[in-house]
Amino acid sequence: MITSPNNLSQQARWPIYLVVILSVVALTFSSALNNEFSNWDNDGHLLNNIEVRSLAPQNILKIFSSTVFQTYVPLTTLSFAIEYHFFKFNPFVYHFTNLLLHLFNVALVFFLAQQMGVGVRGASLAALVFGIHPMHVESVVWVTERKDVLYSLFYLLALLSYGSYARFGHHKMFRLSLLFGLLSILSKAMALSLPLVLLLFDWFYKRKFDKALFFEKLSYLAYIIPIVLITYFLNARVPGENAQDALLIWIWSFSFYIQKFAAPFVLLPIYQLPTPVHFLNLSYFWAVIIFCGVLMSFYIFRQKKWVIFALLYYFLSIFFLLRFDNTVDVNIVADRFMYLPSLGFCLLLGIMCEWGLNIRNLKGFIVCAIIVLIFTMGMKTRMQSLLWKDNVSLWTHLLKYDSDQVIALNNRGVSYQSQGQVSLALDDFTHAIALKSNHYRAYNNRGFLYIVLRKYDLAIKDLSQAITIENQFSRSYYNRAICWAALGDDQKALNDYAKAIELQPAYFKAYNNRGNIYKKLQKYPLALKSFTQSVLIYPSFAQGYHNRGVVYRLMNEWDKALADINKALELKPNYPDAYFNRAGIYYGQKKYQRALDDYNNVIDLKPDYILAYQNRALVFQQLGDLKKSHIDTLKVESLLKKSKQK
């Protein structure tokens, strides 16, 4: 094939095209860098996942030997652990990493398109559509969905490496593809489609389908199958009893992603399965029409390699996520599931663009259509990113389209509570319970809200109801234990903490709270045991070290007490209670200047800490500064007076 001078010119300018593409994508998603964490980041994947809080070898081993919410994603969890090690929970860093990974993926799509024979202009459009498609917002701006952008990075690298191997026979590239495939499957189980997609690439590159070609894929299956089975056995589904319903649901889920990719007008974090499941329901009727349209396209364009490739790539990469059951679940379908499966359609758009731009009579129309498409998609994506800015805006958006969505009500209620908007939170929890009387999380969250309001009887009632509905939810026992402790019923509190620990053995906060009750009951050995367990589970738990240090002090083991409180301050430098108790140790050791320094630190951090002024007055007496001692005594009287007035 002879390349025209014009095409050569276009090829030479590919770095400019790529820079422009990445700039447009970065600008489109730039608002997401200011987003907060979402409610869904609070689950075991990130904020409440102890495993992300340490890079110790034993913890890394634990990351690779455990699942998170019944999914095996060790590389994703490790990436969070690295970020936490350097930046703690700074949301900007996590959002920036997700965006950076997405930009890498956009660049890889650009290179993959060219490797597959698409011209620079077509490859640019394919990469740009992939980069700014509104359906991809969820994968990029939701921090926990690091899984998508990370597995896709390695998946695309595997495709590029394999493409080089398929075209030129470089076995080094085949081994690289194997490595990238392994890294992909360790990031998310969706990478299990890789061997099937590689067979599609074999067909695309016109490789001979013989035993050797299929034997190559066994190399991928050798590690993919064992890793995927970890997630599969925890999430396996079976069709319902009604075969007709199962078929309709499968067709609906197959068509859903195509429809949303083509017309991404309303995108939600949660989609409900349309009911009733019946052909006369318009949702299923149109799904069948779309499905039949795909089959007809497959037949009509059977000689068009790119059309067949796009359709087969979509099917092979999303096949394992297509639903055929109506089991109640949060995610029947989800935008994020289309992140990488949309690649084939993006490439098809690119090749169509390349074809259209080479026809003189169509060129102007194609250019205008591309400008409108990119502008429209970019604006929609930017607006969709802003919806994820905070939890209230996200869940309010969902409730606008589904006012009876109990998960949205519950999550928005949690957000209102964190903002101190108690009445709004209470309304959302109560509304969720009215819609779904067995929503144990709403009962638990309303119960916790009552704890904040110190309405312990109402809290116990709600938390007990949550436990009646779901007796394996550890947080309800933990929260009810807080109520019992506040009401002075230590034994019931201990029983509930024990149950919470039984259900969640790594519940370090439950160990810590149980230790406080044992300390109150002067059962110091049991208190030490509980506090020790809390810091063994979470070695960076400053409060656990502090509380154990206090117990050691009560047992007159001054050196151990001082070591633990020093550790607490090392982990949490702005910890007034730790300074206060260390000052007490120094005072007991007659190290008055050190005690004075620590009481000063307490007062700097917490100016209304009455006991700190009271004890500092005693230190001033020991140092012979009676004037300052008198000033602190007057300060204590003033603070006590203000406290009584409140």
# chains A, B, ... in the order shown; residues from 1 in each chain; ligands from 1
>>> residues_around(residues="Phe110 in chain A", least_positions_apart="4", cutoff="8 Å", atoms="only C-alpha atoms", output="ChimeraX atom specification")
/A:18,106,114,123-124,126-127
>>> write_last_selection(atoms="N, CA and C atoms", output="short mmCIF file (atom, residue, chain, number, x, y, z; two decimals), in the first residue's frame")
data_model
loop_
_atom_site.label_atom_id
_atom_site.label_comp_id
_atom_site.auth_asym_id
_atom_site.auth_seq_id
_atom_site.Cartn_x
_atom_site.Cartn_y
_atom_site.Cartn_z
N LEU A 18 -1.67 13.74 20.06
CA LEU A 18 -1.77 13.11 21.37
C LEU A 18 -1.80 14.14 22.49
N VAL A 106 -5.99 6.50 27.83
CA VAL A 106 -6.35 7.22 26.60
C VAL A 106 -5.19 7.17 25.60
N GLN A 114 -3.63 2.89 16.20
CA GLN A 114 -2.65 3.00 15.11
C GLN A 114 -2.00 1.65 14.82
N ALA A 123 -7.47 7.46 14.94
CA ALA A 123 -6.98 7.05 16.26
C ALA A 123 -7.22 8.15 17.29
N SER A 124 -7.08 9.40 16.85
CA SER A 124 -7.29 10.54 17.74
C SER A 124 -8.74 10.60 18.20
N ALA A 126 -10.90 8.07 18.23
CA ALA A 126 -11.17 6.91 19.07
C ALA A 126 -10.69 7.15 20.50
N ALA A 127 -9.48 7.68 20.64
CA ALA A 127 -8.92 7.94 21.96
C ALA A 127 -9.69 9.05 22.68
#
>>> select_by_dssp(residues="range 102-218 of chain A", states="alpha helix (DSSP H)", output="JSON list (two decimals) with C-alpha atoms, in the first residue's frame")
[["chain", "number", "residue", "atom", "x", "y", "z"],
["A", 102, "HIS", "CA", -7.16, 7.34, 32.78],
["A", 103, "LEU", "CA", -4.89, 9.61, 30.73],
["A", 104, "PHE", "CA", -2.41, 6.75, 30.33],
["A", 105, "ASN", "CA", -5.29, 4.57, 29.10],
["A", 106, "VAL", "CA", -6.35, 7.22, 26.60],
["A", 107, "ALA", "CA", -2.79, 7.33, 25.22],
["A", 108, "LEU", "CA", -2.72, 3.53, 24.99],
["A", 109, "VAL", "CA", -6.00, 3.52, 23.05],
["A", 110, "PHE", "CA", -4.41, 6.03, 20.65],
["A", 111, "PHE", "CA", -1.39, 3.77, 20.10],
["A", 112, "LEU", "CA", -3.49, 0.60, 19.90],
["A", 113, "ALA", "CA", -5.70, 2.12, 17.20],
["A", 114, "GLN", "CA", -2.65, 3.00, 15.11],
["A", 115, "GLN", "CA", -1.16, -0.44, 15.65],
["A", 120, "VAL", "CA", -3.78, 9.28, 13.14],
["A", 121, "ARG", "CA", -7.01, 11.26, 12.79],
["A", 122, "GLY", "CA", -9.16, 8.18, 13.36],
["A", 123, "ALA", "CA", -6.98, 7.05, 16.26],
["A", 124, "SER", "CA", -7.29, 10.54, 17.74],
["A", 125, "LEU", "CA", -11.08, 10.43, 17.64],
["A", 126, "ALA", "CA", -11.17, 6.91, 19.07],
["A", 127, "ALA", "CA", -8.92, 7.94, 21.96],
["A", 128, "LEU", "CA", -10.82, 11.18, 22.55],
["A", 129, "VAL", "CA", -14.22, 9.48, 22.64],
["A", 130, "PHE", "CA", -12.80, 6.90, 25.02],
["A", 131, "GLY", "CA", -11.33, 9.69, 27.13],
["A", 132, "ILE", "CA", -14.37, 11.94, 27.50],
["A", 137, "VAL", "CA", -17.05, 9.28, 34.63],
["A", 138, "GLU", "CA", -17.88, 6.72, 37.30],
["A", 139, "SER", "CA", -14.67, 4.78, 36.70],
["A", 140, "VAL", "CA", -12.51, 7.90, 36.83],
["A", 141, "VAL", "CA", -14.02, 10.12, 39.54],
["A", 146, "ARG", "CA", -9.40, 2.57, 40.75],
["A", 147, "LYS", "CA", -10.00, -1.06, 39.84],
["A", 148, "ASP", "CA", -11.29, -0.07, 36.40],
["A", 149, "VAL", "CA", -8.60, 2.34, 35.34],
["A", 150, "LEU", "CA", -5.82, 0.18, 36.79],
["A", 151, "TYR", "CA", -6.88, -3.15, 35.29],
["A", 152, "SER", "CA", -7.52, -1.39, 31.97],
["A", 153, "LEU", "CA", -3.99, 0.05, 31.97],
["A", 154, "PHE", "CA", -2.42, -3.41, 32.15],
["A", 155, "TYR", "CA", -5.07, -4.92, 29.86],
["A", 156, "LEU", "CA", -4.32, -2.38, 27.12],
["A", 157, "LEU", "CA", -0.58, -2.93, 27.56],
["A", 158, "ALA", "CA", -1.23, -6.67, 27.17],
["A", 159, "LEU", "CA", -3.17, -6.02, 23.94],
["A", 160, "LEU", "CA", -0.43, -3.79, 22.56],
["A", 161, "SER", "CA", 2.26, -6.34, 23.40],
["A", 162, "TYR", "CA", 0.24, -9.18, 21.94],
["A", 163, "GLY", "CA", -0.48, -7.15, 18.81],
["A", 164, "SER", "CA", 3.25, -6.73, 18.26],
["A", 165, "TYR", "CA", 3.73, -10.46, 18.79],
["A", 166, "ALA", "CA", 0.86, -11.38, 16.44],
["A", 167, "ARG", "CA", 2.20, -9.14, 13.67],
["A", 168, "PHE", "CA", 5.93, -9.75, 13.93],
["A", 171, "HIS", "CA", 8.27, -13.80, 21.62],
["A", 172, "LYS", "CA", 9.54, -11.19, 24.06],
["A", 173, "MET", "CA", 6.32, -9.27, 23.40],
["A", 174, "PHE", "CA", 4.29, -12.40, 24.07],
["A", 175, "ARG", "CA", 5.95, -12.77, 27.46],
["A", 176, "LEU", "CA", 5.30, -9.09, 28.16],
["A", 177, "SER", "CA", 1.65, -9.67, 27.30],
["A", 178, "LEU", "CA", 1.54, -12.53, 29.79],
["A", 179, "LEU", "CA", 3.01, -10.30, 32.49],
["A", 180, "PHE", "CA", 0.63, -7.41, 31.82],
["A", 181, "GLY", "CA", -2.29, -9.85, 31.77],
["A", 182, "LEU", "CA", -1.29, -11.09, 35.23],
["A", 183, "LEU", "CA", -1.08, -7.54, 36.58],
["A", 184, "SER", "CA", -4.48, -6.80, 35.05],
["A", 185, "ILE", "CA", -6.23, -9.75, 36.66],
["A", 194, "LEU", "CA", -8.32, -11.36, 28.00],
["A", 195, "PRO", "CA", -7.76, -14.82, 26.41],
["A", 196, "LEU", "CA", -11.05, -14.52, 24.48],
["A", 197, "VAL", "CA", -10.20, -11.02, 23.28],
["A", 198, "LEU", "CA", -6.74, -12.21, 22.23],
["A", 199, "LEU", "CA", -8.41, -14.84, 20.05],
["A", 200, "LEU", "CA", -10.38, -12.00, 18.49],
["A", 201, "PHE", "CA", -7.10, -10.18, 17.82],
["A", 202, "ASP", "CA", -5.77, -13.37, 16.22],
["A", 203, "TRP", "CA", -8.76, -13.28, 13.86],
["A", 204, "PHE", "CA", -8.25, -9.56, 13.23],
["A", 211, "LYS", "CA", -3.58, -25.97, 17.97],
["A", 212, "ALA", "CA", -0.55, -23.80, 18.66],
["A", 213, "LEU", "CA", -2.69, -20.66, 18.68],
["A", 214, "PHE", "CA", -5.11, -22.11, 21.22],
["A", 215, "PHE", "CA", -2.24, -23.54, 23.25],
["A", 216, "GLU", "CA", -0.86, -20.00, 23.61],
["A", 217, "LYS", "CA", -4.02, -18.99, 25.43],
["A", 218, "LEU", "CA", -3.53, -21.73, 28.00]]
>>> residues_around(residues="Ala563 in chain A", least_positions_apart="4", cutoff="8 Å", atoms="only C-alpha atoms", output="PyMOL selection string")
chain A and resi 549+559+567
>>> write_last_selection(atoms="N, CA and C atoms", output="mmCIF file, in the first residue's frame")
data_model
loop_
_atom_site.group_PDB
_atom_site.id
_atom_site.type_symbol
_atom_site.label_atom_id
_atom_site.label_comp_id
_atom_site.auth_asym_id
_atom_site.auth_seq_id
_atom_site.Cartn_x
_atom_site.Cartn_y
_atom_site.Cartn_z
ATOM 1 N N GLY A 549 -1.223 2.893 77.563
ATOM 2 C CA GLY A 549 -0.295 3.626 78.412
ATOM 3 C C GLY A 549 -0.946 4.102 79.686
ATOM 4 N N ASP A 559 7.540 3.084 83.050
ATOM 5 C CA ASP A 559 8.320 3.023 81.808
ATOM 6 C C ASP A 559 7.464 2.565 80.625
ATOM 7 N N LYS A 567 4.603 6.680 71.884
ATOM 8 C CA LYS A 567 4.239 6.092 70.596
ATOM 9 C C LYS A 567 2.971 6.742 70.050
#
>>> closest_atom_pairs(of="range 431-521 of chain A", to="range 383-406 of chain A", cutoff="12 Å", atoms="only C-alpha atoms", output="JSON lines")
{"residue": "A:His431", "atom": "CA", "partner": "A:Val406", "partner_atom": "CA", "distance": 8.0}
{"residue": "A:Ala432", "atom": "CA", "partner": "A:Val406", "partner_atom": "CA", "distance": 4.9}
{"residue": "A:Ile433", "atom": "CA", "partner": "A:Val406", "partner_atom": "CA", "distance": 7.9}
{"residue": "A:Ala434", "atom": "CA", "partner": "A:Val406", "partner_atom": "CA", "distance": 9.3}
{"residue": "A:Leu435", "atom": "CA", "partner": "A:Val406", "partner_atom": "CA", "distance": 7.0}
{"residue": "A:Lys436", "atom": "CA", "partner": "A:Val406", "partner_atom": "CA", "distance": 7.1}
{"residue": "A:Ser437", "atom": "CA", "partner": "A:Val406", "partner_atom": "CA", "distance": 10.3}
{"residue": "A:Asn438", "atom": "CA", "partner": "A:Val406", "partner_atom": "CA", "distance": 10.9}
{"residue": "A:His439", "atom": "CA", "partner": "A:Val406", "partner_atom": "CA", "distance": 8.1}
{"residue": "A:Tyr440", "atom": "CA", "partner": "A:Val406", "partner_atom": "CA", "distance": 11.2}
{"residue": "A:Arg441", "atom": "CA", "partner": "A:Val406", "partner_atom": "CA", "distance": 10.1}
{"residue": "A:Ala442", "atom": "CA", "partner": "A:Val406", "partner_atom": "CA", "distance": 8.5}
{"residue": "A:Tyr443", "atom": "CA", "partner": "A:Val406", "partner_atom": "CA", "distance": 11.8}
>>> closest_residue(among="A:Leu458, A:Ala498, A:Leu349, A:Val19", to="Ala310 in chain A", atoms="only C-alpha atoms")
A:Leu349
>>> residues_around(residues="range 250-252 of chain A", least_positions_apart="2", cutoff="6 Å", atoms="only C-alpha atoms", output="list in words")
Leu247, Leu248, Phe254, Ser255, Phe256, Tyr284, Ala287, Leu322, Arg323 and Phe324 of chain A
>>> write_last_selection(atoms="C-alpha atoms", output="PDB file, in the first residue's frame")
ATOM      1  CA  LEU A 247     -33.604 -14.513  28.869  1.00  0.00           C
ATOM      2  CA  LEU A 248     -35.315 -11.100  28.954  1.00  0.00           C
ATOM      3  CA  PHE A 254     -26.793  -6.721  26.970  1.00  0.00           C
ATOM      4  CA  SER A 255     -28.707  -3.862  25.328  1.00  0.00           C
ATOM      5  CA  PHE A 256     -28.418  -1.500  28.300  1.00  0.00           C
ATOM      6  CA  TYR A 284     -37.636  -5.013  27.649  1.00  0.00           C
ATOM      7  CA  ALA A 287     -33.988  -4.065  24.618  1.00  0.00           C
ATOM      8  CA  LEU A 322     -24.435  -9.787  31.687  1.00  0.00           C
ATOM      9  CA  ARG A 323     -27.238 -10.580  34.126  1.00  0.00           C
ATOM     10  CA  PHE A 324     -29.859 -13.284  33.831  1.00  0.00           C
TER      11      PHE A 324
END
>>> residues_around(residues="Phe541 in chain A", least_positions_apart="2", cutoff="12 Å", atoms="only C-alpha atoms", output="PDB file with C-alpha atoms, in the first residue's frame")
ATOM      1  CA  ILE A  50      -7.072  -1.244  57.646  1.00  0.00           C
ATOM      2  CA  ARG A  53      -2.737   1.843  56.201  1.00  0.00           C
ATOM      3  CA  SER A  54       0.558   0.019  56.198  1.00  0.00           C
ATOM      4  CA  TYR A 507     -12.637  -4.564  64.597  1.00  0.00           C
ATOM      5  CA  PHE A 508      -9.897  -2.639  66.423  1.00  0.00           C
ATOM      6  CA  LYS A 509     -12.283   0.079  67.616  1.00  0.00           C
ATOM      7  CA  TYR A 511     -11.312  -3.883  71.144  1.00  0.00           C
ATOM      8  CA  ASN A 512     -10.393  -0.348  72.174  1.00  0.00           C
ATOM      9  CA  PHE A 531      -5.794  -2.463  73.911  1.00  0.00           C
ATOM     10  CA  THR A 532      -2.894  -4.654  72.810  1.00  0.00           C
ATOM     11  CA  GLN A 533      -5.159  -6.450  70.352  1.00  0.00           C
ATOM     12  CA  SER A 534      -6.337  -3.126  68.916  1.00  0.00           C
ATOM     13  CA  VAL A 535      -2.781  -2.001  68.101  1.00  0.00           C
ATOM     14  CA  LEU A 536      -1.797  -5.424  66.787  1.00  0.00           C
ATOM     15  CA  ILE A 537      -4.646  -5.178  64.285  1.00  0.00           C
ATOM     16  CA  TYR A 538      -3.926  -1.550  63.451  1.00  0.00           C
ATOM     17  CA  PRO A 539      -0.317  -0.644  64.357  1.00  0.00           C
ATOM     18  CA  GLN A 543      -5.622   5.942  70.688  1.00  0.00           C
ATOM     19  CA  GLY A 544      -4.935   2.273  71.416  1.00  0.00           C
ATOM     20  CA  TYR A 545      -1.350   3.001  72.477  1.00  0.00           C
ATOM     21  CA  HIS A 546      -2.481   5.955  74.579  1.00  0.00           C
ATOM     22  CA  ASN A 547      -5.167   3.982  76.374  1.00  0.00           C
ATOM     23  CA  ARG A 548      -2.795   1.105  77.076  1.00  0.00           C
ATOM     24  CA  ASP A 564       3.098   3.782  74.877  1.00  0.00           C
ATOM     25  CA  ILE A 565       2.112   7.414  75.244  1.00  0.00           C
ATOM     26  CA  LYS A 567       4.239   6.092  70.596  1.00  0.00           C
ATOM     27  CA  ALA A 568       0.760   7.628  70.529  1.00  0.00           C
ATOM     28  CA  LEU A 569       2.244  11.112  70.164  1.00  0.00           C
ATOM     29  CA  GLU A 570       4.598   9.905  67.453  1.00  0.00           C
ATOM     30  CA  LEU A 571       1.580   8.681  65.486  1.00  0.00           C
ATOM     31  CA  LYS A 572      -0.637  11.642  66.376  1.00  0.00           C
TER      32      LYS A 572
END
>>> residues_around(residues="Leu453 in chain A", least_positions_apart="5", cutoff="12 Å", atoms="only C-alpha atoms", output="short mmCIF file (atom, residue, chain, number, x, y, z; two decimals) with N, CA and C atoms, in the first residue's frame")
data_model
loop_
_atom_site.label_atom_id
_atom_site.label_comp_id
_atom_site.auth_asym_id
_atom_site.auth_seq_id
_atom_site.Cartn_x
_atom_site.Cartn_y
_atom_site.Cartn_z
N GLN A 417 -25.63 13.90 58.08
CA GLN A 417 -25.20 13.76 59.48
C GLN A 417 -23.76 14.23 59.65
N GLY A 420 -23.53 17.82 60.04
CA GLY A 420 -24.23 18.39 61.19
C GLY A 420 -25.68 18.77 60.90
N GLN A 421 -26.20 18.36 59.75
CA GLN A 421 -27.60 18.66 59.41
C GLN A 421 -28.48 17.51 59.90
N VAL A 422 -28.70 17.52 61.21
CA VAL A 422 -29.33 16.39 61.89
C VAL A 422 -30.76 16.16 61.42
N SER A 423 -31.55 17.20 61.29
CA SER A 423 -32.95 17.02 60.93
C SER A 423 -33.09 16.44 59.52
N LEU A 426 -32.13 12.77 59.69
CA LEU A 426 -33.21 12.00 60.33
C LEU A 426 -34.35 11.78 59.35
N ARG A 446 -29.75 5.51 61.70
CA ARG A 446 -30.61 6.36 62.51
C ARG A 446 -30.32 6.15 63.99
N GLY A 447 -30.02 4.89 64.33
CA GLY A 447 -29.64 4.61 65.72
C GLY A 447 -28.38 5.35 66.12
N PHE A 448 -27.40 5.38 65.23
CA PHE A 448 -26.17 6.12 65.53
C PHE A 448 -26.44 7.62 65.64
N LEU A 458 -33.96 5.56 72.21
CA LEU A 458 -34.36 5.46 70.81
C LEU A 458 -33.27 4.78 69.98
N ALA A 459 -32.02 5.06 70.32
CA ALA A 459 -30.91 4.44 69.60
C ALA A 459 -30.93 2.93 69.79
N CYS A 483 -24.24 2.61 73.40
CA CYS A 483 -25.42 3.03 74.17
C CYS A 483 -25.41 2.42 75.56
#
>>> atom_distance(atom1="CA of Leu605 in chain A", atom2="CA of Tyr575 in chain A")
7.9 Å
>>> residues_around(residues="Asn600 in chain A", least_positions_apart="4", cutoff="10 Å", atoms="only C-alpha atoms", output="ChimeraX atom specification")
/A:576,579-580,583,594-596,604-607,612-613,616
>>> atom_distance(atom1="CA of Ile460 in chain A", atom2="CA of Ala481 in chain A")
9.0 Å
>>> atom_distance(atom1="CA of Tyr339 in chain A", atom2="CA of His136 in chain A")
5.6 Å
>>> closest_residue(among="A:Gln472, A:Asn39, A:Gln614, A:Asn516", to="Ala500 in chain A", atoms="only C-alpha atoms")
A:Gln472
>>> closest_residue(among="A:Asn479, A:Ser530, A:Glu637, A:Ser540", to="Lys88 in chain A", atoms="only C-alpha atoms")
A:Ser540
